[in-house]
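Undergrad: So that you have it, the file is input23.cif, and it contains mmCIF, C-alpha atoms:
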```cif
data_input
loop_
_atom_site.label_atom_id
_atom_site.label_comp_id
_atom_site.auth_asym_id
_atom_site.auth_seq_id
_atom_site.Cartn_x
_atom_site.Cartn_y
_atom_site.Cartn_z
CA MET A 512 33.36 97.86 120.63
CA ILE A 513 32.75 95.54 123.60
CA PHE A 514 34.49 92.75 121.69
CA SER A 515 37.36 95.09 120.89
CA ASN A 516 37.88 96.20 124.48
CA LYS A 517 37.42 92.76 126.01
CA PHE A 518 39.40 90.58 123.62
CA VAL A 519 41.51 92.56 121.15
CA LYS A 520 43.53 94.64 123.60
CA PRO A 521 44.48 91.66 125.81
CA LEU A 522 45.39 89.71 122.67
CA LEU A 523 47.60 92.53 121.41
CA PHE A 524 49.23 92.76 124.83
CA LEU A 525 49.92 89.01 124.82
CA ILE A 526 51.44 89.22 121.34
CA SER A 527 53.63 92.11 122.50
CA LEU A 528 54.99 89.92 125.33
CA VAL A 529 55.83 87.16 122.85
CA PHE A 530 57.48 89.74 120.59
CA LYS A 531 59.45 91.11 123.56
CA THR A 532 60.77 87.61 124.33
CA PHE A 533 61.91 87.21 120.73
CA VAL A 534 63.56 90.66 120.68
CA LEU A 535 65.45 90.07 123.94
CA PHE A 536 66.60 86.62 122.82
CA ARG A 537 67.92 88.09 119.56
CA ILE A 538 69.84 90.82 121.42
CA HIS A 539 71.25 88.20 123.81
CA ALA A 540 72.31 86.05 120.85
CA TYR A 541 74.40 88.91 119.49
CA LYS A 542 75.92 89.60 122.92
CA LYS A 543 76.95 85.95 123.22
CA ALA A 544 78.23 85.92 119.61
CA TRP A 545 75.76 83.18 118.65
CA LEU A 546 74.86 85.63 115.90
CA LYS A 547 77.76 87.41 114.23
CA THR A 548 78.40 91.14 114.38
CA ASN A 549 80.57 92.10 111.41
CA ARG A 550 83.18 94.84 111.38
CA VAL A 551 84.14 96.87 108.33
CA LYS A 552 87.22 98.98 107.62
CA THR A 553 85.40 102.33 107.61
CA PRO A 554 84.03 104.08 110.72
CA VAL A 555 80.28 103.49 111.02
CA ILE A 556 77.63 105.84 112.43
CA SER A 557 74.13 104.50 112.99
CA VAL A 558 70.97 106.61 113.28
CA GLY A 559 67.87 104.87 114.61
CA ASN A 560 65.12 104.68 117.19
CA LEU A 561 63.30 102.36 119.57
CA THR A 562 59.86 103.14 118.14
CA VAL A 563 58.21 102.71 114.77
CA GLY A 564 58.37 105.68 112.39
CA GLY A 565 58.23 109.41 112.75
CA THR A 566 61.27 110.39 114.82
CA GLY A 567 63.01 112.26 112.01
CA LYS A 568 65.81 109.82 111.20
CA THR A 569 66.22 110.93 107.60
CA PRO A 570 66.66 114.66 108.44
CA VAL A 571 69.29 113.69 111.04
CA VAL A 572 71.14 111.55 108.49
CA ASP A 573 71.04 114.48 106.08
CA PHE A 574 72.34 116.76 108.84
CA LEU A 575 75.25 114.38 109.61
CA VAL A 576 76.17 114.12 105.94
CA ARG A 577 76.45 117.89 105.78
CA GLU A 578 78.40 117.99 109.05
CA PHE A 579 81.03 115.66 107.60
CA GLN A 580 81.18 117.46 104.29
CA ARG A 581 81.68 120.70 106.18
CA VAL A 582 84.90 119.28 107.68
CA GLN A 583 85.90 117.77 104.31
CA LYS A 584 85.13 114.15 105.15
CA TYR A 585 83.59 112.01 102.42
CA PRO A 586 80.50 110.06 103.63
CA ALA A 587 78.38 107.33 102.09
CA ILE A 588 74.79 106.61 103.14
CA LEU A 589 73.44 103.10 103.71
CA SER A 590 69.69 102.43 103.84
CA ARG A 591 67.41 99.45 103.45
CA GLY A 592 65.18 101.47 101.08
CA TYR A 593 61.90 100.70 102.79
CA LYS A 594 59.04 99.81 100.38
CA ARG A 595 61.19 100.17 97.28
CA LYS A 596 60.69 98.09 94.13
CA ASN A 597 63.00 95.09 93.63
CA ALA A 598 63.89 95.10 97.32
CA ALA A 599 66.03 91.99 96.92
CA ILE A 600 68.51 93.83 94.70
CA GLN A 601 71.28 95.95 96.20
CA GLN A 602 71.64 99.30 94.40
CA ARG A 603 73.93 102.34 94.40
CA PHE A 604 72.75 105.84 93.54
CA ARG A 605 74.57 109.14 93.16
CA PHE A 606 72.34 112.02 92.08
CA CYS A 607 75.08 113.95 90.26
CA GLU A 608 75.68 110.90 88.06
CA ASP A 609 72.05 110.16 87.18
CA ASN A 610 69.02 112.19 88.26
CA THR A 611 66.55 110.38 86.00
CA ILE A 612 66.12 107.20 88.06
CA ASP A 613 62.64 106.35 89.34
CA PRO A 614 62.51 107.05 93.12
CA ALA A 615 60.45 103.87 93.56
CA PHE A 616 63.56 101.77 92.89
CA PHE A 617 65.37 103.30 95.88
CA GLY A 618 62.60 104.31 98.27
CA ASP A 619 61.46 107.86 98.99
CA GLU A 620 63.86 108.55 101.87
CA PRO A 621 67.11 107.33 100.21
CA TYR A 622 66.13 109.19 97.05
CA LEU A 623 65.53 112.38 99.05
CA LEU A 624 68.92 112.01 100.74
CA ALA A 625 70.59 111.53 97.37
CA MET A 626 68.81 114.53 95.89
CA ARG A 627 69.78 116.79 98.81
CA ASN A 628 73.39 115.55 98.69
CA PRO A 629 74.09 114.99 94.99
CA GLU A 630 77.81 114.18 95.41
CA VAL A 631 77.21 111.54 98.10
CA PRO A 632 76.67 107.86 97.16
CA VAL A 633 73.58 106.19 98.61
CA TYR A 634 73.39 102.40 98.89
CA VAL A 635 70.16 100.50 99.48
CA GLY A 636 69.96 96.85 100.50
CA SER A 637 68.62 94.63 103.25
CA SER A 638 72.11 93.91 104.65
CA ARG A 639 74.09 96.90 105.90
CA THR A 640 77.21 94.69 106.00
CA ILE A 641 76.97 93.86 102.30
CA THR A 642 76.23 97.46 101.29
CA ALA A 643 79.08 98.65 103.54
CA HIS A 644 81.55 96.38 101.73
CA SER A 645 80.21 97.61 98.38
CA ALA A 646 80.59 101.23 99.43
CA GLU A 647 84.18 100.62 100.58
CA GLU A 648 85.05 98.89 97.34
CA ASN A 649 83.40 101.40 94.99
CA ASP A 650 83.68 104.75 96.78
CA ASN A 651 86.25 104.44 99.59
CA PRO A 652 84.33 106.80 101.93
CA ASP A 653 85.71 108.30 105.13
CA VAL A 654 82.56 107.34 107.06
CA LEU A 655 79.46 105.21 106.58
CA ILE A 656 76.17 106.66 107.84
CA LEU A 657 73.40 104.11 108.43
CA ASP A 658 69.78 105.24 108.22
CA ASP A 659 67.34 103.43 110.55
CA ALA A 660 69.83 100.84 111.81
CA TYR A 661 69.48 100.76 115.60
CA GLN A 662 68.09 97.21 115.40
CA HIS A 663 70.52 96.12 112.65
CA LEU A 664 72.94 94.38 115.03
CA SER A 665 74.80 92.41 112.37
CA ILE A 666 77.17 95.34 111.73
CA HIS A 667 79.37 96.99 114.35
CA ARG A 668 78.91 100.72 114.72
CA ASP A 669 81.42 103.21 116.13
CA LEU A 670 78.83 105.85 117.00
CA ASN A 671 75.29 104.74 117.81
CA LEU A 672 72.77 107.60 117.83
CA LEU A 673 69.32 106.94 119.31
CA LEU A 674 66.50 109.32 118.32
CA ILE A 675 63.42 110.01 120.43
CA ASP A 676 60.55 112.17 119.20
CA ALA A 677 59.73 115.01 121.62
CA VAL A 678 56.07 114.88 120.65
CA GLN A 679 55.48 111.12 120.87
CA GLY A 680 58.17 109.94 123.28
CA PHE A 681 57.83 106.16 123.71
CA GLY A 682 54.04 106.24 123.29
CA ASN A 683 52.34 103.95 125.81
CA ARG A 684 55.78 102.40 126.48
CA HIS A 685 54.74 98.92 125.32
CA LEU A 686 56.16 96.86 122.48
CA LEU A 687 54.45 96.16 119.17
CA PRO A 688 51.64 95.57 118.44
CA TYR A 689 50.20 96.81 121.76
CA GLY A 690 52.47 99.88 121.66
CA ALA A 691 54.95 101.58 119.36
CA LEU A 692 58.23 100.20 120.73
CA ARG A 693 60.41 97.94 118.60
CA GLU A 694 62.38 96.85 121.67
CA PRO A 695 62.31 97.59 125.42
CA GLU A 696 63.16 101.08 126.68
CA ASN A 697 66.26 99.87 128.56
CA GLN A 698 67.97 99.15 125.24
CA TRP A 699 68.95 102.82 125.20
CA LYS A 700 72.11 101.38 126.79
CA ARG A 701 73.46 100.53 123.33
CA ALA A 702 73.42 104.24 122.43
CA ASP A 703 76.49 106.48 122.54
CA ALA A 704 74.23 109.53 122.52
CA ILE A 705 70.50 110.29 122.49
CA ILE A 706 68.93 112.98 120.33
CA ILE A 707 65.48 114.34 121.24
CA THR A 708 64.09 115.44 117.89
CA LYS A 709 61.50 118.14 117.12
CA SER A 710 62.20 119.78 120.47
CA ASN A 711 60.62 123.02 119.27
CA LEU A 712 57.30 121.30 118.52
CA ALA A 713 56.72 120.04 122.07
CA SER A 714 58.39 120.39 125.43
CA SER A 715 61.15 117.82 125.82
CA ASP A 716 60.93 118.10 129.62
CA SER A 717 58.80 114.97 130.08
CA VAL A 718 61.05 112.92 127.80
CA MET A 719 64.14 114.26 129.58
CA GLN A 720 62.60 113.45 132.96
CA MET A 721 61.89 109.88 131.86
CA LEU A 722 65.39 109.40 130.46
CA GLN A 723 67.32 110.87 133.37
CA HIS A 724 65.24 109.79 136.35
CA GLU A 725 63.35 106.64 135.31
CA LEU A 726 65.76 105.04 132.85
CA LYS A 727 68.93 106.46 134.46
CA VAL A 728 70.44 107.40 131.11
CA SER A 729 74.16 108.10 131.41
CA CYS A 730 75.09 108.97 127.81
CA PRO A 731 74.89 112.54 126.41
CA ILE A 732 71.43 113.83 125.48
CA PHE A 733 70.89 116.55 122.86
CA ASN A 734 67.88 118.55 121.67
CA PHE A 735 67.44 119.05 117.92
CA ASN A 736 64.95 121.64 116.62
CA TYR A 737 63.26 121.12 113.25
CA GLU A 738 62.90 124.54 111.61
CA VAL A 739 61.31 125.69 108.36
CA GLN A 740 63.93 126.79 105.87
CA GLY A 741 61.52 127.93 103.17
CA LEU A 742 59.05 126.72 100.55
CA THR A 743 59.62 125.68 96.95
CA ARG A 744 56.95 124.97 94.37
CA LEU A 745 56.83 121.37 93.16
CA ASP A 746 58.18 122.35 89.74
CA GLY A 747 61.12 124.15 91.39
CA LYS A 748 60.35 127.42 89.58
CA ALA A 749 59.15 129.51 92.51
CA HIS A 750 60.15 130.03 96.13
CA LEU A 751 58.59 131.54 99.26
CA ASN A 752 59.90 132.50 102.66
CA LEU A 753 58.03 132.04 105.92
CA LYS A 754 56.81 135.63 106.08
CA GLU A 755 54.95 135.18 102.80
CA ILE A 756 52.66 132.47 104.16
CA LYS A 757 51.84 134.11 107.48
CA ASN A 758 48.06 134.44 107.96
CA LYS A 759 47.50 132.50 104.73
CA ARG A 760 44.98 129.67 104.35
CA LEU A 761 46.75 126.34 103.79
CA LEU A 762 45.78 122.81 102.79
CA LEU A 763 48.26 120.16 103.97
CA THR A 764 48.77 116.80 102.30
CA SER A 765 51.25 114.16 103.44
CA GLY A 766 52.02 110.46 103.74
CA ILE A 767 54.26 110.41 106.81
CA ALA A 768 54.26 108.60 110.16
CA GLN A 769 53.50 111.69 112.28
CA PRO A 770 51.34 114.14 110.24
CA LYS A 771 50.37 116.06 113.38
CA GLY A 772 53.96 117.24 113.73
CA PHE A 773 53.79 118.64 110.19
CA GLU A 774 50.60 120.49 111.13
CA ARG A 775 51.96 121.73 114.46
CA LEU A 776 55.11 123.08 112.84
CA LEU A 777 53.12 125.30 110.50
CA GLU A 778 50.69 126.44 113.17
CA GLN A 779 53.65 127.95 115.03
CA HIS A 780 54.13 130.34 112.13
CA GLY A 781 50.70 131.94 112.20
CA VAL A 782 48.97 130.19 109.30
CA GLU A 783 45.37 129.04 109.03
CA ILE A 784 45.06 125.35 108.20
CA THR A 785 41.81 124.86 106.30
CA GLY A 786 42.17 121.10 105.87
CA THR A 787 44.50 118.10 105.86
CA ILE A 788 44.79 115.07 103.58
CA GLU A 789 46.61 112.22 105.30
CA PHE A 790 47.92 109.14 103.48
CA PRO A 791 49.75 106.17 105.08
CA ASP A 792 53.48 106.49 105.73
CA HIS A 793 55.58 105.80 102.59
CA HIS A 794 52.41 106.00 100.50
CA ASP A 795 52.76 105.09 96.82
CA TYR A 796 50.76 107.81 95.06
CA HIS A 797 48.38 107.05 92.19
CA GLY A 798 46.12 109.04 89.91
CA GLU A 799 43.14 108.85 92.28
CA ASP A 800 45.27 110.37 95.06
CA VAL A 801 46.22 113.26 92.80
CA GLN A 802 42.57 113.83 91.95
CA LYS A 803 41.70 113.76 95.66
CA ILE A 804 44.25 116.52 96.33
CA LEU A 805 42.97 118.63 93.44
CA ASN A 806 39.34 118.12 94.51
CA HIS A 807 40.17 119.27 98.06
CA GLN A 808 41.94 122.30 96.65
CA LYS A 809 38.92 123.20 94.52
CA SER A 810 36.53 122.69 97.43
CA LEU A 811 38.48 124.47 100.20
CA GLN A 812 40.10 127.19 98.06
CA PRO A 813 43.32 127.48 100.12
CA GLU A 814 45.93 130.01 99.12
CA TYR A 815 48.62 127.31 99.17
CA VAL A 816 48.74 123.49 99.19
CA LEU A 817 51.74 122.22 101.15
CA THR A 818 53.44 118.84 101.34
CA THR A 819 56.64 117.40 102.83
CA GLU A 820 59.98 116.89 101.12
CA LYS A 821 59.55 113.12 101.39
CA ASP A 822 56.15 113.20 99.69
CA ALA A 823 57.40 115.57 97.00
CA VAL A 824 59.81 112.87 95.79
CA LYS A 825 56.83 110.82 94.60
CA LEU A 826 54.45 113.64 93.69
CA ARG A 827 56.84 115.19 91.15
CA ILE A 828 55.93 112.54 88.58
CA PHE A 829 52.46 114.10 88.26
CA PRO A 830 52.77 117.23 86.08
CA GLU A 831 49.20 118.31 86.91
CA LEU A 832 50.41 119.07 90.46
CA HIS A 833 53.56 121.02 89.55
CA GLU A 834 52.03 124.48 89.87
CA HIS A 835 49.61 123.61 92.67
CA ILE A 836 51.76 122.14 95.46
CA TRP A 837 54.48 123.72 97.58
CA ILE A 838 57.18 121.80 99.45
CA LEU A 839 58.00 122.66 103.04
CA GLU A 840 61.80 122.57 103.27
CA MET A 841 63.30 121.81 106.67
CA GLU A 842 66.61 122.21 108.44
CA ILE A 843 67.91 120.90 111.75
CA ILE A 844 69.20 123.24 114.42
CA PRO A 845 71.14 121.30 117.09
CA ASP A 846 71.67 122.60 120.59
CA TYR A 847 74.99 124.21 121.40
CA TYR A 848 76.50 121.17 123.13
CA TRP A 849 76.23 119.04 120.00
CA ASN A 850 79.06 120.99 118.34
CA ASP A 851 81.46 120.10 121.15
CA PHE A 852 80.40 116.44 121.04
CA PHE A 853 80.85 116.21 117.27
CA ALA A 854 84.20 118.02 117.38
CA GLU A 855 85.46 115.64 120.06
CA PHE A 856 84.34 112.63 118.03
CA LEU A 857 86.19 113.97 114.98
CA CYS A 858 89.37 114.85 116.83
CA THR A 859 89.68 111.73 118.96
CA LYS A 860 87.54 108.71 118.24
CA PHE A 861 87.09 109.23 114.49
CA GLU A 862 90.78 109.73 113.75
CA SER A 863 91.84 106.81 115.95
CA LEU A 864 89.28 104.59 114.22
CA LYS A 865 90.60 105.62 110.80
CA ASN A 866 94.13 104.76 111.90
CA GLU A 867 93.09 101.42 113.41
CA LYS A 868 91.03 100.36 110.42
#
```
Can you turn what I pasted into structure tokens?

TA:
Amino acid sequence: MIFSNKFVKPLLFLISLVFKTFVLFRIHAYKKAWLKTNRVKTPVISVGNLTVGGTGKTPVVDFLVREFQRVQKYPAILSRGYKRKNAAIQQRFRFCEDNTIDPAFFGDEPYLLAMRNPEVPVYVGSSRTITAHSAEENDNPDVLILDDAYQHLSIHRDLNLLLIDAVQGFGNRHLLPYGALREPENQWKRADAIIITKSNLASSDSVMQMLQHELKVSCPIFNFNYEVQGLTRLDGKAHLNLKEIKNKRLLLTSGIAQPKGFERLLEQHGVEITGTIEFPDHHDYHGEDVQKILNHQKSLQPEYVLTTEKDAVKLRIFPELHEHIWILEMEIIPDYYWNDFFAEFLCTKFESLKNEK
């Protein structure tokens, strides 16, 4: 412990300074056009964050896809497909065309987005520029929505949305590996709007105070609540509403970046959490993990075992879990001012971009 406190923390801090220098040089290189920022014909919306993991990017992408479909615009989703198999290969997926593909080939989050929006094409690949050109050629979408692309500066975006988690904020406000930041806080300046996610799980006042008074943020700031929509059994053959789990004993299992948010969300609805099983973010489940879940269920005797939608993508391949695990289904509730912002973007900027491109 003495060694850890005396040497490891200073070392991590030193590495974070080196990393910060690299990050700032890279940003400067794009500003000076030493590195190329590519433009595509279709309007581009990027969803991302300044920190690692857990801000709710995928639910916001899903929300935007539905927003555009609601106004009869045809979107396509671009993702890098984090931790997918054959990551070097660019792939296209449309759930209504083929729902038998192994989620591991696309990544859990792109697969979830495709499953929730079966008519929408999802492209995975390391280069958003290449996947954007493929989407334009194959699907001719009205808009391209980029998942986790705030740092992907090689493609121009027409609406840059920065997400900040209300629970975690910017952590200790240091860069990796000493903190959770991917780049310095002042890079909020690249954002056209900031969304404080999970506002109903923690007060957003401290984050708002930091943004408005310390960082002098001048772009619009919105609060998005993450609400429970209902529960569906892993086999899809049974459903529950929130009232049916009130005062019930629950076991939670998840492999997400911020499992405490999952726990806090349920606690707000008057349940008793008897235990939690936490796996690493984007965990690739195996037989021993399944047995661990079943052993905990046998030991703790909860009335329900709950997991997240992202984890369910991978857990469905284990039939022994189908009647034991329930999926917590979420929806985003934006604050009132978001509707005006989105309507203005559609009526002015979006249409002018379509005409220009």

Undergrad: Counting only C-alpha atoms, which residues come within 12 Å of (82.4, 101.7, 126.4), with the point read in the file's coordinates, and could you list them as a PDB file with C-alpha atoms, in the coordinates of the input?

TA:
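Final file, result01.pdb:
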```
ATOM      1  CA  ASP A 669      81.420 103.210 116.130  1.00  0.00           C
ATOM      2  CA  LEU A 670      78.830 105.850 117.000  1.00  0.00           C
ATOM      3  CA  ASN A 671      75.290 104.740 117.810  1.00  0.00           C
ATOM      4  CA  LYS A 700      72.110 101.380 126.790  1.00  0.00           C
ATOM      5  CA  ARG A 701      73.460 100.530 123.330  1.00  0.00           C
ATOM      6  CA  ALA A 702      73.420 104.240 122.430  1.00  0.00           C
ATOM      7  CA  ASP A 703      76.490 106.480 122.540  1.00  0.00           C
ATOM      8  CA  ALA A 704      74.230 109.530 122.520  1.00  0.00           C
ATOM      9  CA  SER A 729      74.160 108.100 131.410  1.00  0.00           C
ATOM     10  CA  CYS A 730      75.090 108.970 127.810  1.00  0.00           C
ATOM     11  CA  LYS A 860      87.540 108.710 118.240  1.00  0.00           C
TER      12      LYS A 860
END
```

Undergrad: With only C-alpha atoms as the basis for distance, which of A:Phe790, A:Tyr634, A:Tyr796, A:Tyr737 is at the shortest distance from Gly772 (chain A)?

TA: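 Looking only at the distances to Gly772 (chain A), the closest residue turns out to be A:Tyr737.
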
Undergrad: With distances taken over only C-alpha atoms, which of A:Tyr585, A:Phe617, A:Trp545, A:Tyr593 is nearest to Val824 (chain A)?

TA: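 That would be A:Phe617, the residue with the smallest distance to Val824 (chain A).
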
Undergrad: Might you spell out which residues the PyMOL selection byres ((chain A and resi 808-810) around 12) would select in the displayed file, as a PyMOL selection string?

TA: chain A and resi 760-764+785-788+801-807+811-817+832+835-836

Undergrad: Write out the residues from the selection above, keeping C-alpha atoms, as a compact mmCIF listing (two decimals), in the frame of the given file.

TA:
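Saved as out_30.txt:
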```txt
# COMPACT_ATOMS: atom_id res chain seq x y z
CA ARG A 760 44.98 129.67 104.35
CA LEU A 761 46.75 126.34 103.79
CA LEU A 762 45.78 122.81 102.79
CA LEU A 763 48.26 120.16 103.97
CA THR A 764 48.77 116.80 102.30
CA THR A 785 41.81 124.86 106.30
CA GLY A 786 42.17 121.10 105.87
CA THR A 787 44.50 118.10 105.86
CA ILE A 788 44.79 115.07 103.58
CA VAL A 801 46.22 113.26 92.80
CA GLN A 802 42.57 113.83 91.95
CA LYS A 803 41.70 113.76 95.66
CA ILE A 804 44.25 116.52 96.33
CA LEU A 805 42.97 118.63 93.44
CA ASN A 806 39.34 118.12 94.51
CA HIS A 807 40.17 119.27 98.06
CA LEU A 811 38.48 124.47 100.20
CA GLN A 812 40.10 127.19 98.06
CA PRO A 813 43.32 127.48 100.12
CA GLU A 814 45.93 130.01 99.12
CA TYR A 815 48.62 127.31 99.17
CA VAL A 816 48.74 123.49 99.19
CA LEU A 817 51.74 122.22 101.15
CA LEU A 832 50.41 119.07 90.46
CA HIS A 835 49.61 123.61 92.67
CA ILE A 836 51.76 122.14 95.46
```

Undergrad: Run the PyMOL selection byres ((chain A and resi 638-652) around 10) mentally over the shown coordinates, then write out the matched residues as a PyMOL selection string, using the chain letters and numbers from the document.

TA: chain A and resi 548-555+584-591+601-603+631-637+653-658+660+663-667

Undergrad: Report as a PyMOL selection string the full result of the PyMOL selection byres ((chain A and resi 571) around 9) when it is applied to this structure.

TA: chain A and resi 558+567-570+572-576+658+674+708+735+843

Undergrad: If you keep C-alpha atoms, can you produce a file of those selected residues as a short mmCIF file (atom, residue, chain, number, x, y, z; two decimals), in the frame of the given file?

TA:
```cif
data_model
loop_
_atom_site.label_atom_id
_atom_site.label_comp_id
_atom_site.auth_asym_id
_atom_site.auth_seq_id
_atom_site.Cartn_x
_atom_site.Cartn_y
_atom_site.Cartn_z
CA VAL A 558 70.97 106.61 113.28
CA GLY A 567 63.01 112.26 112.01
CA LYS A 568 65.81 109.82 111.20
CA THR A 569 66.22 110.93 107.60
CA PRO A 570 66.66 114.66 108.44
CA VAL A 572 71.14 111.55 108.49
CA ASP A 573 71.04 114.48 106.08
CA PHE A 574 72.34 116.76 108.84
CA LEU A 575 75.25 114.38 109.61
CA VAL A 576 76.17 114.12 105.94
CA ASP A 658 69.78 105.24 108.22
CA LEU A 674 66.50 109.32 118.32
CA THR A 708 64.09 115.44 117.89
CA PHE A 735 67.44 119.05 117.92
CA ILE A 843 67.91 120.90 111.75
#
```
